[in-house]
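Source file: structure-v8.cif (mmCIF, C-alpha atoms)
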data_input
loop_
_atom_site.label_atom_id
_atom_site.label_comp_id
_atom_site.auth_asym_id
_atom_site.auth_seq_id
_atom_site.Cartn_x
_atom_site.Cartn_y
_atom_site.Cartn_z
CA MET W 1 -32.87 73.71 159.56
CA GLY W 2 -32.24 77.48 159.25
CA ALA W 3 -31.12 77.66 162.88
CA TYR W 4 -28.69 74.77 162.27
CA GLU W 5 -27.21 76.52 159.22
CA GLU W 6 -26.85 79.78 161.19
CA LYS W 7 -25.17 77.95 164.09
CA LYS W 8 -22.84 76.18 161.65
CA GLU W 9 -21.95 79.51 160.04
CA THR W 10 -21.29 81.08 163.46
CA CYS W 11 -18.99 78.19 164.48
CA GLY W 12 -17.11 78.53 161.20
CA THR W 13 -16.67 82.27 161.73
CA ILE W 14 -15.43 81.76 165.31
CA CYS W 15 -12.88 79.17 164.12
CA LEU W 16 -11.70 81.53 161.39
CA LYS W 17 -11.39 84.36 163.91
CA TYR W 18 -9.14 82.36 166.22
CA LEU W 19 -7.09 80.99 163.33
CA LEU W 20 -6.55 84.52 162.02
CA PHE W 21 -5.75 85.82 165.51
CA THR W 22 -3.12 83.06 165.97
CA PHE W 23 -1.72 83.86 162.54
CA ASN W 24 -1.52 87.58 163.40
CA PHE W 25 0.39 86.88 166.61
CA LEU W 26 2.90 84.70 164.73
CA PHE W 27 2.97 87.30 161.95
CA TRP W 28 3.82 90.02 164.48
CA LEU W 29 6.70 87.90 165.80
CA ALA W 30 7.86 87.28 162.22
CA GLY W 31 7.87 91.04 161.65
CA GLY W 32 10.28 91.41 164.56
CA VAL W 33 12.55 88.75 163.04
CA VAL W 34 12.46 90.40 159.60
CA MET W 35 13.28 93.81 161.09
CA GLY W 36 16.01 92.24 163.23
CA VAL W 37 17.73 90.69 160.20
CA GLY W 38 17.66 94.03 158.38
CA VAL W 39 19.00 96.00 161.36
CA TRP W 40 21.70 93.38 162.02
CA THR W 41 22.82 93.62 158.39
CA LEU W 42 23.19 97.40 158.56
CA VAL W 43 24.60 97.76 162.08
CA GLU W 44 26.79 94.70 162.53
CA LYS W 45 28.06 94.51 158.95
CA SER W 46 28.01 98.21 157.99
CA ASP W 47 31.81 98.32 157.61
CA TYR W 48 31.74 95.68 154.88
CA ILE W 49 28.96 97.54 153.03
CA SER W 50 31.41 100.43 152.53
CA LEU W 51 33.68 98.09 150.53
CA LEU W 52 30.93 97.31 148.00
CA PRO W 53 30.43 99.59 144.98
CA SER W 54 26.72 98.79 144.68
CA LYS W 55 24.12 99.88 147.25
CA MET W 56 21.82 96.96 146.41
CA TYR W 57 23.01 94.92 149.41
CA ALA W 58 22.11 97.77 151.78
CA ALA W 59 18.86 98.42 149.87
CA SER W 60 17.71 94.83 150.53
CA ALA W 61 18.31 95.35 154.26
CA TYR W 62 16.41 98.68 154.29
CA ILE W 63 13.47 97.05 152.54
CA LEU W 64 13.42 94.30 155.18
CA ILE W 65 13.45 96.86 158.01
CA LEU W 66 10.57 98.77 156.39
CA ALA W 67 8.62 95.57 155.74
CA GLY W 68 9.27 94.31 159.29
CA GLY W 69 7.96 97.55 160.80
CA ILE W 70 4.83 97.46 158.65
CA VAL W 71 4.35 93.76 159.50
CA MET W 72 4.33 94.49 163.24
CA VAL W 73 1.80 97.34 162.85
CA THR W 74 -0.28 95.19 160.50
CA GLY W 75 -0.29 92.32 163.01
CA VAL W 76 -1.88 94.59 165.63
CA LEU W 77 -4.39 95.92 163.06
CA GLY W 78 -5.21 92.36 162.03
CA CYS W 79 -6.05 91.40 165.63
CA CYS W 80 -8.36 94.43 165.95
CA ALA W 81 -10.04 93.70 162.62
CA THR W 82 -10.54 90.05 163.57
CA PHE W 83 -12.14 90.63 166.97
CA LYS W 84 -14.25 93.62 165.93
CA GLU W 85 -15.42 91.70 162.84
CA GLN W 86 -15.42 94.85 160.72
CA ARG W 87 -15.23 94.25 157.01
CA ARG W 88 -13.71 97.69 156.36
CA LEU W 89 -10.80 96.93 158.71
CA LEU W 90 -10.36 93.53 157.10
CA ARG W 91 -10.15 95.22 153.68
CA VAL W 92 -7.42 97.59 154.95
CA TYR W 93 -5.64 94.64 156.58
CA PHE W 94 -5.72 92.65 153.34
CA VAL W 95 -4.30 95.57 151.32
CA LEU W 96 -1.47 96.02 153.86
CA LEU W 97 -0.69 92.28 153.70
CA LEU W 98 -0.51 92.55 149.92
CA CYS W 99 1.84 95.57 150.11
CA ILE W 100 4.15 93.78 152.57
CA PHE W 101 4.06 90.68 150.39
CA LEU W 102 5.27 92.73 147.40
CA LEU W 103 7.95 94.49 149.50
CA GLU W 104 9.39 91.21 150.75
CA ILE W 105 9.33 89.65 147.31
CA LEU W 106 11.21 92.75 146.09
CA ALA W 107 13.84 92.30 148.84
CA GLY W 108 14.22 88.66 147.87
CA VAL W 109 14.55 89.50 144.16
CA LEU W 110 17.13 92.26 144.87
CA ALA W 111 19.15 89.83 147.00
CA TYR W 112 19.04 87.24 144.19
CA ILE W 113 20.05 89.78 141.50
CA TYR W 114 22.96 91.01 143.61
CA TYR W 115 23.91 87.39 144.33
CA GLN W 116 24.41 86.91 140.57
CA GLN W 117 26.61 90.00 140.02
CA LEU W 118 28.54 90.06 143.31
CA ASN W 119 31.59 88.08 142.14
CA GLU W 120 32.27 90.38 139.19
CA GLU W 121 31.76 93.53 141.31
CA LEU W 122 34.20 92.36 143.97
CA LYS W 123 36.85 91.45 141.42
CA LEU W 124 36.62 94.91 139.86
CA SER W 125 36.43 97.01 143.01
CA LEU W 126 37.90 95.42 146.15
CA ARG W 127 41.54 95.49 145.11
CA GLU W 128 41.22 99.05 143.78
CA THR W 129 39.54 100.18 147.01
CA MET W 130 42.27 98.66 149.19
CA VAL W 131 45.14 99.99 147.08
CA GLN W 132 43.82 103.52 146.54
CA LYS W 133 41.79 104.35 149.67
CA TYR W 134 43.44 102.57 152.61
CA GLN W 135 44.79 105.01 155.24
CA GLN W 136 43.75 108.03 153.16
CA ASN W 137 42.38 111.05 155.06
CA THR W 138 38.94 111.11 153.44
CA HIS W 139 38.42 107.34 153.61
CA GLU W 140 38.67 106.44 157.31
CA HIS W 141 35.62 104.14 156.98
CA VAL W 142 37.43 102.13 154.28
CA THR W 143 40.54 101.77 156.49
CA ARG W 144 38.37 100.57 159.38
CA ALA W 145 36.50 98.13 157.13
CA VAL W 146 39.70 96.69 155.60
CA ASP W 147 41.35 96.20 159.01
CA LYS W 148 38.23 94.49 160.35
CA LEU W 149 37.98 92.33 157.22
CA GLN W 150 41.59 91.15 157.40
CA GLN W 151 41.44 90.37 161.12
CA GLU W 152 38.03 88.68 161.16
CA PHE W 153 38.66 86.55 158.09
CA LYS W 154 42.39 86.01 158.74
CA CYS W 155 43.41 87.15 155.26
CA CYS W 156 45.66 89.77 153.67
CA GLY W 157 45.02 91.76 150.49
CA SER W 158 42.28 91.37 147.91
CA ASN W 159 43.76 88.41 146.01
CA SER W 160 46.97 87.98 148.04
CA SER W 161 49.29 89.94 150.34
CA ALA W 162 51.27 90.96 147.20
CA ASP W 163 48.43 93.38 146.31
CA TRP W 164 49.64 95.74 149.03
CA ALA W 165 52.89 96.40 147.12
CA GLU W 166 50.89 98.80 144.90
CA SER W 167 49.17 100.56 147.80
CA VAL W 168 49.39 104.36 147.84
CA TRP W 169 49.92 104.21 151.61
CA ILE W 170 52.53 101.40 151.59
CA ARG W 171 54.59 103.33 149.03
CA SER W 172 54.49 106.49 151.15
CA ALA W 173 56.68 107.45 154.12
CA MET W 174 53.62 107.12 156.37
CA ALA W 175 53.90 103.32 156.18
CA GLU W 176 57.24 103.49 158.04
CA GLY W 177 58.67 100.56 156.11
CA ARG W 178 55.68 98.22 156.48
CA VAL W 179 55.14 95.81 153.59
CA VAL W 180 51.46 95.26 154.48
CA PRO W 181 49.06 96.84 157.04
CA ASP W 182 49.43 95.71 160.66
CA SER W 183 45.95 94.12 160.42
CA CYS W 184 47.52 91.42 158.19
CA CYS W 185 49.57 90.19 161.15
CA LYS W 186 48.56 87.01 162.96
CA THR W 187 49.28 88.85 166.21
CA PRO W 188 48.62 92.54 165.44
CA SER W 189 50.85 95.15 167.07
CA GLU W 190 52.48 98.45 166.10
CA LEU W 191 54.87 97.92 163.13
CA CYS W 192 54.35 94.14 163.20
CA ALA W 193 54.01 94.21 159.40
CA LEU W 194 57.67 95.10 158.78
CA ARG W 195 58.37 91.40 158.23
CA ASP W 196 56.60 89.75 155.27
CA HIS W 197 56.73 86.07 156.24
CA PRO W 198 54.00 83.36 156.43
CA SER W 199 54.78 82.86 160.13
CA ASN W 200 53.98 86.53 160.75
CA ILE W 201 51.22 87.52 158.31
CA TYR W 202 48.25 85.74 156.75
CA LYS W 203 49.11 84.15 153.40
CA VAL W 204 45.68 82.82 152.49
CA GLU W 205 45.08 81.39 149.03
CA GLY W 206 42.51 83.56 147.24
CA GLY W 207 43.02 86.47 149.63
CA CYS W 208 40.17 88.35 151.27
CA ILE W 209 38.01 88.47 148.16
CA THR W 210 36.98 84.81 148.36
CA LYS W 211 36.15 85.06 152.08
CA LEU W 212 34.21 88.32 151.74
CA GLU W 213 32.32 86.94 148.76
CA LYS W 214 31.33 83.79 150.68
CA PHE W 215 30.26 85.85 153.69
CA ILE W 216 28.07 88.20 151.64
CA LEU W 217 26.59 85.39 149.54
CA ASP W 218 25.64 83.50 152.71
CA HIS W 219 24.09 86.65 154.15
CA LEU W 220 22.21 87.39 150.94
CA LYS W 221 20.75 83.89 151.12
CA ILE W 222 19.48 84.69 154.63
CA ILE W 223 17.96 88.01 153.47
CA GLY W 224 16.35 86.34 150.46
CA ALA W 225 15.09 83.33 152.42
CA VAL W 226 13.60 85.47 155.21
CA GLY W 227 11.91 87.82 152.73
CA VAL W 228 10.45 85.09 150.51
CA GLY W 229 9.66 82.79 153.48
CA VAL W 230 7.59 85.38 155.35
CA ALA W 231 5.95 86.41 152.05
CA CYS W 232 4.79 82.83 151.51
CA VAL W 233 3.36 82.66 155.05
CA GLN W 234 1.42 85.85 154.28
CA ILE W 235 -0.46 84.05 151.52
CA ILE W 236 -2.04 81.90 154.25
CA GLY W 237 -3.00 85.07 156.13
CA MET W 238 -4.60 86.55 153.01
CA VAL W 239 -6.60 83.35 152.45
CA PHE W 240 -7.85 83.39 156.09
CA THR W 241 -8.74 87.09 155.74
CA CYS W 242 -10.75 86.45 152.58
CA CYS W 243 -12.59 83.54 154.22
CA LEU W 244 -13.47 85.59 157.31
CA TYR W 245 -14.48 88.56 155.13
CA ARG W 246 -16.90 86.38 153.16
CA SER W 247 -18.33 84.75 156.28
CA LEU W 248 -19.22 88.13 157.85
CA LYS W 249 -22.52 89.70 156.88
CA ALA W 250 -22.28 92.84 154.80
CA GLU W 251 -22.23 96.01 156.90
CA PRO W 252 -25.34 98.15 156.61
CA TYR W 253 -24.90 101.48 154.82
#
Will you turn the file into structure tokens for me?
Amino acid sequence: MGAYEEKKETCGTICLKYLLFTFNFLFWLAGGVVMGVGVWTLVEKSDYISLLPSKMYAASAYILILAGGIVMVTGVLGCCATFKEQRRLLRVYFVLLLCIFLLEILAGVLAYIYYQQLNEELKLSLRETMVQKYQQNTHEHVTRAVDKLQQEFKCCGSNSSADWAESVWIRSAMAEGRVVPDSCCKTPSELCALRDHPSNIYKVEGGCITKLEKFILDHLKIIGAVGVGVACVQIIGMVFTCCLYRSLKAEPY
């Protein structure tokens, strides 16, 4: 009877080992995805970040990159701990899983908080940024971001093309008679913005603010979903780890 119980316990431990190993491999891949989303946010969309007054959007991405890196290292550690059947390693692995879980929940919460306040922030800052900083010597990154925004989203101005009438640059001699930046043109070219007509420039209802807001809100949903989704999967990993930890005999001291 004792031999049967021992054999049953061994089979259970082996099953747990392979389940945890499979989880760690998938967890390692998930870490790559999490890191990829964070890097993509910062690299591909870095211009738009410069148009936002709050750094919370970028902070969520940095947290995901950090969490993704730790996840990948933890996945390797988890495989080692599983196959070596060392309780000490499993304890370290569990603590790391818990830390990553908290980091990803934090990223999800930050994304949600920023989701709630984004509309008000954009209303207060986007128009002011465009009017005051576009084509100014110390704000080249803003000029680049605004041009990219208007071309990618096929819009002109924060709320409408009329916003540009108050632009510091448009009112100066440097504008050379333009009524809006050339990036507002449907077919951009040098001095194409001399003619303010719907056939020539984008006259989109709601301007760029509505399109930028939708883009960022959609992206925040991705950041939040990835962070919370992977965090939920980690709960399964923590349960497997606890089960394997309990099934292993205590290490002699």
Original post:
Just how far from atom CA of W:Leu126 is atom CA of W:Leu194, in Å to one decimal?
Top reply: 23.5 Å
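Atom CA of W:Val226 is found 20.7 Å from atom CA of W:Phe94.
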**OP:** Would you mind reading off the distance between atom CA of W:Cys15 and atom CA of W:Tyr93, one decimal, in Å?
**Re:** 18.7 Å
Subject >> Nearest residue to W:Gly31 from the set W:Ile70, W:Ala61, W:Ile14, W:Leu52 (distances using all atoms listed in the file) >> reply: W:Ile70
Pull out every residue that the PyMOL selection byres ((chain W and resi 215-220) around 8) matches in the shown coordinates and put them as a CSV table (one decimal) with C-alpha atoms, in the frame of the given file.
chain,number,residue,atom,x,y,z
W,57,TYR,CA,23.0,94.9,149.4
W,111,ALA,CA,19.2,89.8,147.0
W,112,TYR,CA,19.0,87.2,144.2
W,115,TYR,CA,23.9,87.4,144.3
W,211,LYS,CA,36.2,85.1,152.1
W,212,LEU,CA,34.2,88.3,151.7
W,213,GLU,CA,32.3,86.9,148.8
W,214,LYS,CA,31.3,83.8,150.7
W,221,LYS,CA,20.8,83.9,151.1
W,222,ILE,CA,19.5,84.7,154.6
W,223,ILE,CA,18.0,88.0,153.5
W,224,GLY,CA,16.4,86.3,150.5
Quick check on the file I pasted: which residues fall under the PyMOL selection byres ((chain W and resi 136-143) around 9)? Write them as a PDB file with C-alpha atoms, keeping the file's coordinate frame.
ATOM      1  CA  ASP W  47      31.810  98.320 157.610  1.00  0.00           C
ATOM      2  CA  TYR W  48      31.740  95.680 154.880  1.00  0.00           C
ATOM      3  CA  SER W  50      31.410 100.430 152.530  1.00  0.00           C
ATOM      4  CA  LEU W  51      33.680  98.090 150.530  1.00  0.00           C
ATOM      5  CA  THR W 129      39.540 100.180 147.010  1.00  0.00           C
ATOM      6  CA  MET W 130      42.270  98.660 149.190  1.00  0.00           C
ATOM      7  CA  GLN W 132      43.820 103.520 146.540  1.00  0.00           C
ATOM      8  CA  LYS W 133      41.790 104.350 149.670  1.00  0.00           C
ATOM      9  CA  TYR W 134      43.440 102.570 152.610  1.00  0.00           C
ATOM     10  CA  GLN W 135      44.790 105.010 155.240  1.00  0.00           C
ATOM     11  CA  ARG W 144      38.370 100.570 159.380  1.00  0.00           C
ATOM     12  CA  ALA W 145      36.500  98.130 157.130  1.00  0.00           C
ATOM     13  CA  VAL W 146      39.700  96.690 155.600  1.00  0.00           C
ATOM     14  CA  ASP W 147      41.350  96.200 159.010  1.00  0.00           C
ATOM     15  CA  LYS W 148      38.230  94.490 160.350  1.00  0.00           C
ATOM     16  CA  VAL W 168      49.390 104.360 147.840  1.00  0.00           C
ATOM     17  CA  TRP W 169      49.920 104.210 151.610  1.00  0.00           C
TER      18      TRP W 169
END
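Each of W:Leu149, W:Val92, W:Val109, W:Val131 was compared to W:Ser167 using all atoms listed in the file, and W:Val131 turns out to be the nearest.
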Which residues, written as a CSV table (one decimal) with C-alpha atoms, keeping the file's coordinate frame, have at least one atom at most 8 Å from W:Thr241, with all atoms listed in the file counted and residues fewer than 4 positions away on the same chain left out?
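Final file, around_4.csv:
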chain,number,residue,atom,x,y,z
W,20,LEU,CA,-6.6,84.5,162.0
W,90,LEU,CA,-10.4,93.5,157.1
W,94,PHE,CA,-5.7,92.6,153.3
W,237,GLY,CA,-3.0,85.1,156.1
W,245,TYR,CA,-14.5,88.6,155.1
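Nearest-residue note for W:Lys203: choosing from W:Ala67, W:Val179, W:Cys156, W:Ala165, the minimum distance belongs to W:Cys156, counting only C-alpha atoms.
Restricting the calculation to all atoms listed in the file, the smallest distance between W:Gln150 and any of W:Ser172, W:Ser199, W:Gln234, W:Thr210 is found for W:Thr210.
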Where is the centre and how long are the edges: axis-aligned box on stretch 163-172 of chain W, 4 Å on each side, Å to one decimal, as lines of an AutoDock Vina configuration file:
center_x = 51.5
center_y = 99.9
center_z = 148.3
size_x = 14.2
size_y = 21.1
size_z = 14.7
Original post:
Of the candidates W:Ile209, W:Cys80, W:Ala59, W:Leu42, which shows the shortest atom-to-atom distance to W:Leu122, using only C-alpha atoms?
Top reply: W:Ile209
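If all atoms listed in the file are the atoms counted, then among W:Val34, W:Val230, W:Ile105, W:Cys79 the closest residue to W:Leu19 is W:Cys79.
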